[in-house]
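*Asks:* mmCIF, C-alpha atoms, saved as input-v5.cif, coming up:
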data_input
loop_
_atom_site.label_atom_id
_atom_site.label_comp_id
_atom_site.auth_asym_id
_atom_site.auth_seq_id
_atom_site.Cartn_x
_atom_site.Cartn_y
_atom_site.Cartn_z
CA MET X 1 -44.84 -73.56 24.73
CA THR X 2 -45.73 -71.43 27.73
CA ARG X 3 -43.38 -68.70 28.87
CA MET X 4 -42.46 -70.68 31.97
CA GLN X 5 -41.40 -73.63 29.86
CA ASN X 6 -39.56 -71.26 27.57
CA PHE X 7 -37.63 -69.95 30.57
CA LEU X 8 -36.99 -73.36 32.13
CA LYS X 9 -35.71 -75.03 28.98
CA GLY X 10 -32.54 -72.94 29.06
CA LEU X 11 -31.84 -73.98 32.63
CA VAL X 12 -32.05 -77.73 32.24
CA LYS X 13 -33.37 -79.40 29.12
CA GLU X 14 -31.51 -77.25 26.63
CA ASN X 15 -28.76 -75.99 28.90
CA PRO X 16 -26.51 -74.07 26.48
CA THR X 17 -23.25 -75.29 27.96
CA LEU X 18 -23.88 -78.88 28.97
CA VAL X 19 -26.47 -79.95 26.39
CA LEU X 20 -25.93 -77.71 23.37
CA VAL X 21 -22.16 -77.52 24.13
CA LEU X 22 -21.95 -73.84 23.20
CA GLY X 23 -19.77 -71.22 24.86
CA THR X 24 -17.12 -73.77 25.76
CA CYS X 25 -14.22 -71.32 25.60
CA PRO X 26 -15.28 -69.03 28.48
CA THR X 27 -16.59 -72.04 30.40
CA LEU X 28 -13.22 -73.74 30.38
CA ALA X 29 -11.19 -70.58 30.88
CA ILE X 30 -13.13 -68.82 33.60
CA SER X 31 -14.37 -71.74 35.71
CA THR X 32 -11.17 -71.85 37.77
CA SER X 33 -12.81 -69.70 40.42
CA VAL X 34 -16.44 -69.45 41.47
CA THR X 35 -16.58 -65.67 41.86
CA ALA X 36 -15.14 -65.05 38.40
CA ALA X 37 -17.44 -67.72 36.95
CA PHE X 38 -20.46 -66.06 38.54
CA GLY X 39 -19.40 -62.66 37.21
CA MET X 40 -18.90 -64.11 33.75
CA GLY X 41 -22.32 -65.77 33.88
CA ILE X 42 -24.08 -62.58 34.91
CA ALA X 43 -22.23 -60.49 32.31
CA ALA X 44 -23.09 -62.97 29.57
CA THR X 45 -26.72 -63.13 30.75
CA ALA X 46 -27.06 -59.35 30.66
CA VAL X 47 -25.61 -59.20 27.15
CA LEU X 48 -27.77 -62.13 26.05
CA ILE X 49 -31.02 -60.57 27.26
CA CYS X 50 -30.21 -57.18 25.72
CA SER X 51 -29.01 -58.57 22.41
CA ASN X 52 -31.96 -60.97 22.13
CA MET X 53 -34.37 -58.09 22.70
CA ALA X 54 -32.62 -55.75 20.28
CA ILE X 55 -32.33 -58.38 17.56
CA SER X 56 -35.92 -59.45 18.03
CA ALA X 57 -37.11 -55.85 17.84
CA LEU X 58 -35.16 -55.28 14.65
CA ARG X 59 -35.89 -58.67 13.10
CA ASN X 60 -38.11 -57.23 10.38
CA THR X 61 -35.75 -54.34 9.65
CA ILE X 62 -32.46 -56.18 9.31
CA PRO X 63 -32.04 -57.59 5.79
CA ASP X 64 -31.20 -61.27 5.69
CA ARG X 65 -27.89 -60.93 3.90
CA VAL X 66 -26.30 -58.55 6.40
CA ARG X 67 -27.84 -60.07 9.51
CA ILE X 68 -24.62 -61.54 10.94
CA PRO X 69 -22.65 -58.23 10.80
CA CYS X 70 -25.67 -56.46 12.29
CA TYR X 71 -25.90 -58.97 15.14
CA ILE X 72 -22.16 -58.71 15.82
CA VAL X 73 -22.32 -54.92 15.98
CA LEU X 74 -25.28 -55.01 18.37
CA VAL X 75 -23.71 -57.69 20.58
CA ALA X 76 -20.33 -55.91 20.56
CA GLY X 77 -22.07 -52.71 21.62
CA PHE X 78 -23.71 -54.37 24.61
CA VAL X 79 -20.50 -56.16 25.57
CA THR X 80 -18.58 -52.89 25.50
CA VAL X 81 -21.20 -51.26 27.71
CA VAL X 82 -20.83 -54.12 30.21
CA GLU X 83 -17.05 -53.80 29.97
CA LEU X 84 -17.08 -50.05 30.63
CA LEU X 85 -19.45 -50.43 33.57
CA MET X 86 -17.43 -53.26 35.05
CA GLU X 87 -14.15 -51.36 34.74
CA ALA X 88 -15.69 -48.43 36.57
CA PHE X 89 -17.64 -50.24 39.27
CA ALA X 90 -16.29 -53.80 39.66
CA TYR X 91 -12.61 -53.55 38.83
CA SER X 92 -11.40 -56.74 40.49
CA LEU X 93 -13.96 -58.77 38.56
CA TYR X 94 -12.98 -56.90 35.39
CA GLN X 95 -9.39 -57.89 36.01
CA SER X 96 -10.09 -61.55 36.71
CA LEU X 97 -12.23 -61.94 33.57
CA GLY X 98 -9.54 -60.30 31.45
CA VAL X 99 -9.85 -60.87 27.73
CA TYR X 100 -12.77 -63.26 28.13
CA LEU X 101 -15.07 -60.37 28.90
CA ALA X 102 -14.47 -58.91 25.45
CA LEU X 103 -14.79 -62.38 23.96
CA ILE X 104 -18.46 -62.50 24.97
CA VAL X 105 -18.97 -60.80 21.59
CA VAL X 106 -18.20 -64.02 19.77
CA ASN X 107 -19.76 -66.28 22.39
CA CYS X 108 -21.65 -68.95 20.46
CA ILE X 109 -24.54 -68.88 22.92
CA ILE X 110 -25.35 -65.29 22.07
CA LEU X 111 -25.06 -65.61 18.31
CA GLY X 112 -26.74 -69.00 18.49
CA ARG X 113 -29.76 -67.62 20.31
CA ALA X 114 -29.92 -64.68 17.91
CA GLU X 115 -30.00 -67.04 14.93
CA MET X 116 -32.15 -69.76 16.41
CA TYR X 117 -34.60 -67.83 18.52
CA ALA X 118 -34.54 -64.04 18.62
CA ASN X 119 -34.92 -63.47 14.89
CA LYS X 120 -38.06 -65.56 14.79
CA HIS X 121 -39.84 -64.56 18.02
CA GLY X 122 -41.22 -61.49 19.75
CA VAL X 123 -39.32 -59.18 22.07
CA ILE X 124 -40.71 -60.49 25.38
CA ASP X 125 -40.32 -64.14 24.42
CA SER X 126 -36.76 -63.43 23.31
CA ALA X 127 -35.96 -61.70 26.59
CA ILE X 128 -37.29 -64.70 28.53
CA ASP X 129 -35.31 -67.05 26.32
CA GLY X 130 -32.18 -64.94 26.91
CA LEU X 131 -32.75 -64.96 30.66
CA GLY X 132 -33.24 -68.73 30.76
CA MET X 133 -30.25 -69.47 28.56
CA GLY X 134 -28.07 -66.97 30.41
CA LEU X 135 -28.96 -68.44 33.79
CA GLY X 136 -28.39 -71.93 32.39
CA PHE X 137 -24.91 -70.83 31.35
CA THR X 138 -24.33 -69.22 34.77
CA LEU X 139 -25.50 -72.39 36.51
CA ALA X 140 -23.22 -74.61 34.42
CA ILE X 141 -20.15 -72.40 34.70
CA CYS X 142 -20.65 -71.91 38.46
CA SER X 143 -21.03 -75.61 39.18
CA MET X 144 -17.92 -76.28 37.13
CA GLY X 145 -16.17 -73.49 38.98
CA THR X 146 -17.22 -75.04 42.30
CA ILE X 147 -15.75 -78.43 41.40
CA ARG X 148 -12.54 -76.98 40.01
CA GLU X 149 -11.98 -74.46 42.76
CA ILE X 150 -12.65 -76.85 45.64
CA LEU X 151 -10.67 -79.79 44.28
CA GLY X 152 -8.06 -77.81 42.37
CA GLY X 153 -7.50 -74.79 44.58
CA GLY X 154 -8.85 -75.92 47.96
CA SER X 155 -11.19 -72.97 48.38
CA TRP X 156 -14.69 -71.78 47.50
CA CYS X 157 -15.25 -68.16 46.53
CA GLY X 158 -11.78 -67.54 47.93
CA ILE X 159 -12.62 -69.04 51.35
CA PRO X 160 -10.10 -71.78 52.14
CA ILE X 161 -11.61 -75.17 52.90
CA PRO X 162 -9.76 -77.27 55.51
CA TRP X 163 -8.16 -80.51 54.21
CA PHE X 164 -8.71 -79.63 50.51
CA HIS X 165 -6.55 -76.55 50.98
CA GLU X 166 -3.57 -78.71 51.97
CA ASN X 167 -4.16 -81.26 49.21
CA PRO X 168 -5.06 -79.41 46.02
CA ILE X 169 -5.17 -81.26 42.70
CA GLY X 170 -3.36 -78.52 40.79
CA ILE X 171 -4.08 -79.85 37.34
CA LEU X 172 -7.80 -79.21 37.72
CA THR X 173 -7.22 -75.47 37.59
CA MET X 174 -5.32 -75.82 34.32
CA ALA X 175 -6.69 -76.42 30.84
CA PRO X 176 -6.52 -80.25 30.85
CA GLY X 177 -8.39 -80.36 34.16
CA GLY X 178 -11.00 -78.04 32.68
CA PHE X 179 -11.68 -80.44 29.82
CA PHE X 180 -11.77 -83.34 32.24
CA VAL X 181 -14.38 -81.74 34.51
CA PHE X 182 -16.34 -80.52 31.50
CA GLY X 183 -16.44 -84.04 30.03
CA CYS X 184 -17.52 -85.55 33.33
CA MET X 185 -20.35 -83.04 33.69
CA ILE X 186 -21.65 -83.65 30.16
CA ALA X 187 -21.52 -87.38 30.84
CA LEU X 188 -23.45 -86.87 34.06
CA VAL X 189 -26.13 -84.78 32.34
CA ASN X 190 -26.49 -87.43 29.65
CA LYS X 191 -26.75 -90.14 32.26
CA ILE X 192 -29.49 -88.27 34.10
CA SER X 193 -31.42 -87.47 30.95
CA LYS X 194 -30.77 -91.00 29.64
CA GLY X 195 -29.11 -89.69 26.48
CA LYS X 196 -32.19 -87.80 25.35
CA ALA X 197 -30.62 -84.42 25.80
CA ILE X 198 -28.22 -84.50 22.89
CA LYS X 199 -30.67 -86.01 20.44
CA LYS X 200 -32.86 -82.95 20.16
CA LYS X 201 -33.46 -82.46 16.47
CA GLU X 202 -33.69 -78.69 16.61
CA PHE X 203 -29.98 -78.47 17.24
CA GLY X 204 -28.84 -81.05 14.76
CA CYS X 205 -28.46 -80.42 11.07
CA MET X 206 -32.20 -79.78 10.82
CA GLY X 207 -32.04 -76.66 12.97
CA CYS X 208 -29.65 -74.97 10.58
CA MET X 209 -30.83 -72.03 8.50
CA LEU X 210 -29.45 -73.51 5.30
CA CYS X 211 -31.45 -76.66 5.79
CA GLU X 212 -34.74 -74.86 5.88
CA LYS X 213 -33.96 -73.61 2.43
CA GLY X 214 -32.80 -77.06 1.33
CA VAL X 215 -29.36 -75.81 0.32
CA CYS X 216 -26.94 -78.25 1.87
CA GLY X 217 -28.57 -81.44 0.55
CA LYS X 218 -28.15 -83.34 3.81
CA GLU X 219 -31.80 -83.05 4.83
CA GLU X 220 -32.69 -86.31 3.10
CA SER X 221 -30.16 -88.35 5.03
CA ALA X 222 -31.04 -86.58 8.25
CA LYS X 223 -34.65 -87.67 7.92
CA MET V 224 -32.07 -55.94 -11.38
CA ARG V 225 -33.73 -52.94 -9.79
CA GLU V 226 -34.98 -55.15 -6.94
CA GLN V 227 -31.47 -56.34 -6.28
CA LYS V 228 -30.14 -52.79 -6.22
CA LYS V 229 -32.78 -51.78 -3.72
CA ASP V 230 -31.84 -54.75 -1.56
CA ILE V 231 -28.19 -53.80 -1.54
CA ILE V 232 -28.90 -50.19 -0.66
CA LYS V 233 -31.24 -51.24 2.15
CA SER V 234 -28.56 -53.55 3.56
CA ILE V 235 -25.98 -50.79 3.53
CA VAL V 236 -28.29 -48.24 5.11
CA VAL V 237 -29.44 -50.59 7.89
CA LEU V 238 -25.90 -51.66 8.77
CA VAL V 239 -24.60 -48.09 8.77
CA VAL V 240 -27.47 -46.86 10.94
CA ILE V 241 -26.98 -49.70 13.43
CA CYS V 242 -23.25 -48.93 13.64
CA LEU V 243 -23.87 -45.22 14.14
CA VAL V 244 -26.49 -45.74 16.84
CA THR V 245 -24.30 -48.27 18.65
CA SER V 246 -21.25 -46.04 18.64
CA ALA V 247 -23.29 -43.07 19.82
CA ALA V 248 -24.64 -45.16 22.71
CA LEU V 249 -21.12 -46.27 23.60
CA ALA V 250 -19.84 -42.72 23.54
CA ILE V 251 -22.55 -41.72 26.00
CA VAL V 252 -21.80 -44.61 28.38
CA ASN V 253 -18.08 -43.92 28.14
CA HIS V 254 -18.68 -40.27 28.93
CA PHE V 255 -20.11 -41.30 32.30
CA THR V 256 -17.82 -44.20 33.20
CA ALA V 257 -14.44 -42.84 32.02
CA PRO V 258 -13.94 -40.34 34.89
CA VAL V 259 -14.91 -43.00 37.46
CA SER V 260 -12.49 -45.52 35.94
CA ALA V 261 -9.66 -42.98 35.79
CA ALA V 262 -10.20 -41.92 39.40
CA ASN V 263 -10.28 -45.55 40.52
CA ALA V 264 -7.07 -46.35 38.65
CA ALA V 265 -5.29 -43.36 40.21
CA ALA V 266 -6.51 -44.36 43.68
CA ARG V 267 -5.34 -47.95 43.19
CA GLU V 268 -1.88 -46.80 42.09
CA GLU V 269 -1.62 -44.43 45.00
CA ALA V 270 -2.62 -47.21 47.41
CA ALA V 271 -0.05 -49.57 45.88
CA ARG V 272 2.69 -46.93 46.25
CA ARG V 273 1.68 -46.39 49.87
CA ALA V 274 1.89 -50.13 50.47
CA VAL V 275 5.44 -50.50 49.17
CA LEU V 276 6.74 -47.28 50.72
CA PRO V 277 4.60 -46.57 53.81
CA ASP V 278 6.98 -43.96 55.27
CA ALA V 279 6.78 -41.58 52.31
CA GLY V 280 4.87 -38.36 52.75
CA SER V 281 4.48 -37.60 49.09
CA PHE V 282 5.39 -39.00 45.68
CA GLU V 283 6.99 -37.32 42.74
CA LYS V 284 6.60 -38.75 39.24
CA LEU V 285 9.86 -39.29 37.37
CA GLU V 286 9.99 -38.96 33.59
CA SER V 287 13.09 -40.15 31.76
CA ASP V 288 13.92 -41.64 28.38
CA ALA V 289 16.69 -43.74 29.90
CA LEU V 290 14.26 -46.09 31.71
CA PRO V 291 13.93 -49.64 30.36
CA ALA V 292 10.89 -50.17 28.14
CA SER V 293 9.26 -52.49 30.66
CA VAL V 294 8.93 -49.73 33.25
CA VAL V 295 5.33 -48.55 33.36
CA SER V 296 5.88 -45.73 35.81
CA ALA V 297 8.57 -44.43 38.12
CA TYR V 298 8.12 -42.39 41.28
CA ARG V 299 10.37 -40.89 43.89
CA GLY V 300 9.09 -41.14 47.43
CA LEU V 301 9.79 -38.12 49.61
CA ASP V 302 9.55 -37.91 53.38
CA ALA V 303 7.93 -35.01 55.22
CA SER V 304 10.98 -32.77 54.83
CA GLY V 305 11.24 -33.45 51.08
CA LYS V 306 14.24 -35.81 51.29
CA PRO V 307 14.09 -38.81 48.90
CA ILE V 308 13.68 -42.04 50.85
CA GLY V 309 13.13 -44.44 47.97
CA TYR V 310 12.24 -45.02 44.37
CA ILE V 311 9.18 -46.89 43.22
CA PHE V 312 8.98 -48.60 39.86
CA SER V 313 6.05 -50.42 38.44
CA ILE V 314 7.21 -52.90 35.84
CA SER V 315 5.44 -55.25 33.50
CA GLY V 316 6.84 -58.45 32.05
CA LYS V 317 5.73 -61.46 30.08
CA GLY V 318 4.70 -64.33 32.32
CA PHE V 319 3.45 -67.80 31.51
CA GLY V 320 -0.10 -66.95 30.55
CA GLY V 321 -0.01 -63.22 29.99
CA THR V 322 1.40 -59.99 31.29
CA ILE V 323 2.47 -59.76 34.90
CA GLN V 324 2.90 -56.47 36.67
CA ILE V 325 4.84 -55.80 39.84
CA MET V 326 5.80 -52.79 41.91
CA CYS V 327 9.20 -52.53 43.51
CA ALA V 328 10.53 -49.95 45.97
CA ILE V 329 14.30 -49.49 46.10
CA GLY V 330 15.94 -47.46 48.86
CA PRO V 331 18.72 -44.88 48.40
CA ASP V 332 21.25 -47.55 49.44
CA GLY V 333 20.37 -49.72 46.39
CA LYS V 334 18.53 -52.38 48.39
CA ILE V 335 14.95 -53.44 47.85
CA LEU V 336 12.58 -52.06 50.45
CA ARG V 337 9.56 -54.00 49.29
CA CYS V 338 8.23 -55.81 46.27
CA GLN V 339 4.59 -56.18 45.54
CA THR V 340 2.68 -58.07 42.90
CA LEU V 341 0.12 -55.95 41.13
CA ASP V 342 -1.25 -58.38 38.58
CA VAL V 343 -0.59 -62.06 37.95
CA SER V 344 -4.15 -62.92 36.94
CA GLY V 345 -2.91 -64.52 33.72
CA GLU V 346 -0.88 -67.14 35.59
CA THR V 347 -1.96 -70.54 36.84
CA LYS V 348 -3.42 -69.87 40.25
CA THR V 349 -1.77 -72.68 42.17
CA LEU V 350 1.66 -72.22 40.55
CA GLY V 351 2.61 -68.85 39.06
CA GLY V 352 -0.20 -67.19 40.99
CA LYS V 353 1.77 -67.89 44.18
CA THR V 354 4.09 -65.02 43.23
CA ALA V 355 1.36 -62.76 44.61
CA SER V 356 1.69 -64.22 48.13
CA PRO V 357 3.84 -62.48 50.76
CA ASP V 358 5.81 -65.73 51.17
CA TYR V 359 7.29 -65.10 47.77
CA THR V 360 7.47 -61.31 47.62
CA ASP V 361 8.98 -60.93 51.10
CA GLN V 362 12.16 -62.71 50.07
CA TYR V 363 13.09 -59.74 47.88
CA THR V 364 13.14 -57.34 50.82
CA GLY V 365 16.70 -56.22 51.59
CA LYS V 366 18.21 -57.78 48.45
CA ASP V 367 20.57 -55.86 46.17
CA ALA V 368 20.84 -56.13 42.38
CA SER V 369 22.39 -59.63 42.57
CA LEU V 370 19.15 -61.06 44.04
CA ASP V 371 21.14 -63.74 45.88
CA GLY V 372 19.01 -66.28 47.68
CA VAL V 373 15.69 -65.62 46.01
CA ASP V 374 14.00 -68.97 45.49
CA ALA V 375 11.84 -69.65 42.46
CA ILE V 376 8.48 -71.33 42.92
CA SER V 377 8.75 -74.96 41.89
CA GLY V 378 6.54 -75.72 38.92
CA ALA V 379 6.37 -72.06 38.00
CA THR V 380 9.80 -71.45 36.52
CA ILE V 381 8.58 -69.17 33.75
CA THR V 382 6.60 -66.90 36.07
CA SER V 383 9.43 -66.83 38.63
CA THR V 384 12.00 -65.94 35.98
CA ALA V 385 9.74 -63.26 34.54
CA TYR V 386 9.27 -61.88 38.04
CA LYS V 387 13.02 -61.77 38.66
CA ASN V 388 13.60 -60.06 35.32
CA CYS V 389 11.06 -57.44 36.28
CA VAL V 390 12.94 -56.81 39.51
CA LEU V 391 16.24 -56.60 37.61
CA ASP V 392 14.64 -54.05 35.28
CA ALA V 393 13.70 -52.08 38.37
CA PHE V 394 17.38 -51.97 39.29
CA LYS V 395 18.29 -50.82 35.77
CA ALA V 396 15.69 -48.09 36.07
CA TYR V 397 17.05 -47.24 39.50
CA ASP V 398 20.57 -46.81 38.10
CA ALA V 399 19.15 -44.65 35.32
CA VAL V 400 17.30 -42.29 37.65
CA LYS V 401 20.21 -42.18 40.07
CA GLU V 402 22.53 -41.06 37.28
CA ALA V 403 20.06 -38.45 36.19
CA GLY V 404 20.03 -37.24 39.79
#
Would you put the structure from the file into structure tokens?
*Replies:*
Amino acid sequence: MTRMQNFLKGLVKENPTLVLVLGTCPTLAISTSVTAAFGMGIAATAVLICSNMAISALRNTIPDRVRIPCYIVLVAGFVTVVELLMEAFAYSLYQSLGVYLALIVVNCIILGRAEMYANKHGVIDSAIDGLGMGLGFTLAICSMGTIREILGGGSWCGIPIPWFHENPIGILTMAPGGFFVFGCMIALVNKISKGKAIKKKEFGCMGCMLCEKGVCGKEESAK
Amino acid sequence: MREQKKDIIKSIVVLVVICLVTSAALAIVNHFTAPVSAANAAAREEAARRAVLPDAGSFEKLESDALPASVVSAYRGLDASGKPIGYIFSISGKGFGGTIQIMCAIGPDGKILRCQTLDVSGETKTLGGKTASPDYTDQYTGKDASLDGVDAISGATITSTAYKNCVLDAFKAYDAVKEAG
């Protein structure tokens, strides 16, 4: 796989949010406004790139049995750095992201990429993978934010839009509306990719670490 | 057996080293960002106090044990000659989706001069979030502790009630500081 393909796969073919269905919690919670969604995407991308690089650089040092705690500590460190910087230099964004900023630590996309990619590949490849996946997440969360903010709040990036502003569909900015938009977008992606997107083997049972070692016993039925 | 022991020790050492390095890095970052954050927070508070009590020349922080627990800070606004022209309380309460924070200025006559919403980011934007708009906050201006005629936002009863309770706490705090002189 060339580096370009490696980068592009995160954007479309293996979009972490809409195809792998990871990182759903921040996607649903933050996509009520486009600016917050964009901030969340960029923060998660920065953490993802840094953590992918750090984990990839340390992949031969970290013993297998303590890898998850090690990853969490590294990711938490980067998240806290982002948090401190944001509180100092982008306070309004810091406020609108609230607790979800700290929750990037347990974002499945970041741990997922650490497990599935960074601990098996080199530093540069991992950085590119992190960038692609992070931008894929940003793209997904921003497009969801666009739909929810325009239809649900009648504005885009805080700019009121005529007609929509007088007729907002309030429920779209709440949790049920989030699930509804999320479901529609996944359906749309599957329609466009003709259902191929979700059938990627790498992310099924076969991509799991246990399976490689033949521990769970499901590998026979999966074949 | 010896192999296993070596494995365990290596695991411990690696994890401890990673933790130490991470915390050291965080301490360094914090060292640089903490003063900026503190200065920003002070400036924001000052700006919010100016907004609710524009006529005040200076503010004096009030410390008292008698204030309700929900009061985050209390200030007395003084005019140019040092006469008190109002009291400012910033109060937090439990809204629908999280903590809400408001700032309320009460004049010496016991009437609200101005109410301002500091933080309702935890509330639903189109419902409870409307408590941040001047349409809602302006109705408190001139009200006394009975809060007669303040309309709740339909669909956002919990946020509206929480908001009112915050304002009532401001009056309790006002009585407390008045008594204390």
*Asks:* List every residue of chain V that has an atom at most 8 Å from any atom of chain X, giving for each one its closest atom pair and the distance in Å to one decimal, counting all atoms listed in the file, sorted by chain and then by ascending residue number, as a tab-separated table.
*Replies:*
residue	atom	partner	partner_atom	distance
V:Asp230	CA	X:Pro63	CA	7.9
V:Lys233	CA	X:Pro63	CA	7.4
V:Ser234	CA	X:Pro63	CA	5.8
V:Val237	CA	X:Ile62	CA	6.5
V:Leu238	CA	X:Cys70	CA	6.0
V:Ile241	CA	X:Cys70	CA	7.0
V:Cys242	CA	X:Val73	CA	6.5
V:Thr245	CA	X:Gly77	CA	5.8
V:Ser246	CA	X:Gly77	CA	7.4
V:Leu249	CA	X:Val81	CA	6.5
V:Val252	CA	X:Val81	CA	6.7
V:Asn253	CA	X:Leu84	CA	6.7
V:Thr256	CA	X:Ala88	CA	5.8
V:Ala257	CA	X:Ala88	CA	7.3
V:Val259	CA	X:Ala88	CA	5.6
V:Ser260	CA	X:Ala88	CA	4.4
V:Asn263	CA	X:Ala88	CA	7.3
V:Ser344	CA	X:Ser96	CA	6.1
V:Thr347	CA	X:Met174	CA	6.7
V:Lys348	CA	X:Thr173	CA	7.3
V:Thr349	CA	X:Gly170	CA	6.2
*Asks:* Given the file shown, determine the residues that the PyMOL selection byres ((chain V and resi 279) around 6) selects; report them as a ChimeraX atom specification.
*Replies:* /V:276-278,280-281,300-302
*Asks:* Just checking: using all atoms listed in the file, which residue out of X:Cys50, X:Lys191, X:Ala102, X:Gly178 ends up closest to Thr146 (chain X)?
*Replies:*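 Selected residue with least distance to Thr146 (chain X): X:Gly178.
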*Asks:* Applying the PyMOL selection byres ((chain V and resi 307-314) around 6) to the file I just gave you, which residues come out? Please list them as a ChimeraX atom specification.
*Replies:* /V:293-301,306,315,324-331,389
*Asks:* Mind writing the picked residues with C-alpha atoms as an mmCIF file, keeping the file's coordinate frame?
*Replies:*
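Contents of the output file selection11.cif:
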data_model
loop_
_atom_site.group_PDB
_atom_site.id
_atom_site.type_symbol
_atom_site.label_atom_id
_atom_site.label_comp_id
_atom_site.auth_asym_id
_atom_site.auth_seq_id
_atom_site.Cartn_x
_atom_site.Cartn_y
_atom_site.Cartn_z
ATOM 1 C CA SER V 293 9.260 -52.490 30.660
ATOM 2 C CA VAL V 294 8.930 -49.730 33.250
ATOM 3 C CA VAL V 295 5.330 -48.550 33.360
ATOM 4 C CA SER V 296 5.880 -45.730 35.810
ATOM 5 C CA ALA V 297 8.570 -44.430 38.120
ATOM 6 C CA TYR V 298 8.120 -42.390 41.280
ATOM 7 C CA ARG V 299 10.370 -40.890 43.890
ATOM 8 C CA GLY V 300 9.090 -41.140 47.430
ATOM 9 C CA LEU V 301 9.790 -38.120 49.610
ATOM 10 C CA LYS V 306 14.240 -35.810 51.290
ATOM 11 C CA SER V 315 5.440 -55.250 33.500
ATOM 12 C CA GLN V 324 2.900 -56.470 36.670
ATOM 13 C CA ILE V 325 4.840 -55.800 39.840
ATOM 14 C CA MET V 326 5.800 -52.790 41.910
ATOM 15 C CA CYS V 327 9.200 -52.530 43.510
ATOM 16 C CA ALA V 328 10.530 -49.950 45.970
ATOM 17 C CA ILE V 329 14.300 -49.490 46.100
ATOM 18 C CA GLY V 330 15.940 -47.460 48.860
ATOM 19 C CA PRO V 331 18.720 -44.880 48.400
ATOM 20 C CA CYS V 389 11.060 -57.440 36.280
#
*Asks:* Using only C-alpha atoms, which residue out of X:Leu188, X:Val181, X:Ala114, X:Cys108 lies closest to Glu149 (chain X)?
*Replies:*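 Ranked by minimum distance to Glu149 (chain X), first place goes to X:Val181.
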*Asks:* From the set V:Thr322, V:Asn388, V:Thr380, V:Ser287, which residue has the shortest atom-to-atom contact distance to Gly351 (chain V), counting all atoms listed in the file?
*Replies:*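 Checking each candidate against Gly351 (chain V), we get V:Thr380 as the closest.
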*Asks:* Mind giving me the straight-line distance from CA of Phe180 (chain X) to CA of Trp163 (chain X) in Å, one decimal?
*Replies:*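 So the answer is 22.4 Å.
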*Asks:* Work out how far apart CA of Gln227 (chain V) and CA of Asn60 (chain X) are and give it in Å to one decimal.
*Replies:*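 According to the coordinates, CA of Gln227 (chain V) and CA of Asn60 (chain X) are separated by 18.0 Å.
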*Asks:* Nearest to Leu350 (chain V) among V:Pro258, V:Gly372, V:Gly320, V:Gly365, with distances taken over all atoms listed in the file: which residue is it?
*Replies:*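 Closest to Leu350 (chain V) of all the choices is V:Gly320.
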*Asks:* In Å, with one decimal, what is the gap from CA of Gly177 (chain X) to CA of Thr27 (chain X)?
*Replies:*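 Separation of CA of Gly177 (chain X) and CA of Thr27 (chain X): 12.3 Å.
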*Asks:* Given the file above and the PyMOL selection byres ((chain X and resi 189) around 12), which residues are selected, and can you give them as JSON, numbers by chain?
*Replies:* {"X": [12, 13, 14, 15, 17, 18, 19, 20, 21, 140, 182, 183, 184, 185, 186, 187, 188, 190, 191, 192, 193, 194, 195, 196, 197, 198]}
*Asks:* Of the candidates V:Glu283, V:Lys228, V:Ile323, V:Val236, which shows the shortest atom-to-atom distance to Lys387 (chain V), using all atoms listed in the file?
*Replies:*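 For Lys387 (chain V), the nearest of the given residues is V:Ile323.
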*Asks:* Give me the residues near Leu135 (chain X) as a PyMOL selection string, where near means some atom within 10 Å (using only C-alpha atoms) and where sequence neighbours in that chain fewer than 3 positions away do not count.
*Replies:* chain X and resi 7-8+10-12+15-16+41-42+44-46+129-132+138-141
*Asks:* Between V:Ala385, V:Ala248, V:Val240, V:Val275, which has the minimum distance to Gln339 (chain V) (counting all atoms listed in the file)?
*Replies:*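 Among V:Ala385, V:Ala248, V:Val240, V:Val275, it is V:Val275 that comes nearest to Gln339 (chain V).
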*Asks:* Go ahead and fit an axis-aligned box to every listed atom of region 359-372 of chain V plus 4 Å each side, and pass me the centre and edge lengths in Å, one decimal, as JSON.
*Replies:*
{"center_x": 14.8, "center_y": -61.1, "center_z": 47.0, "size_x": 23.1, "size_y": 18.4, "size_z": 17.2}
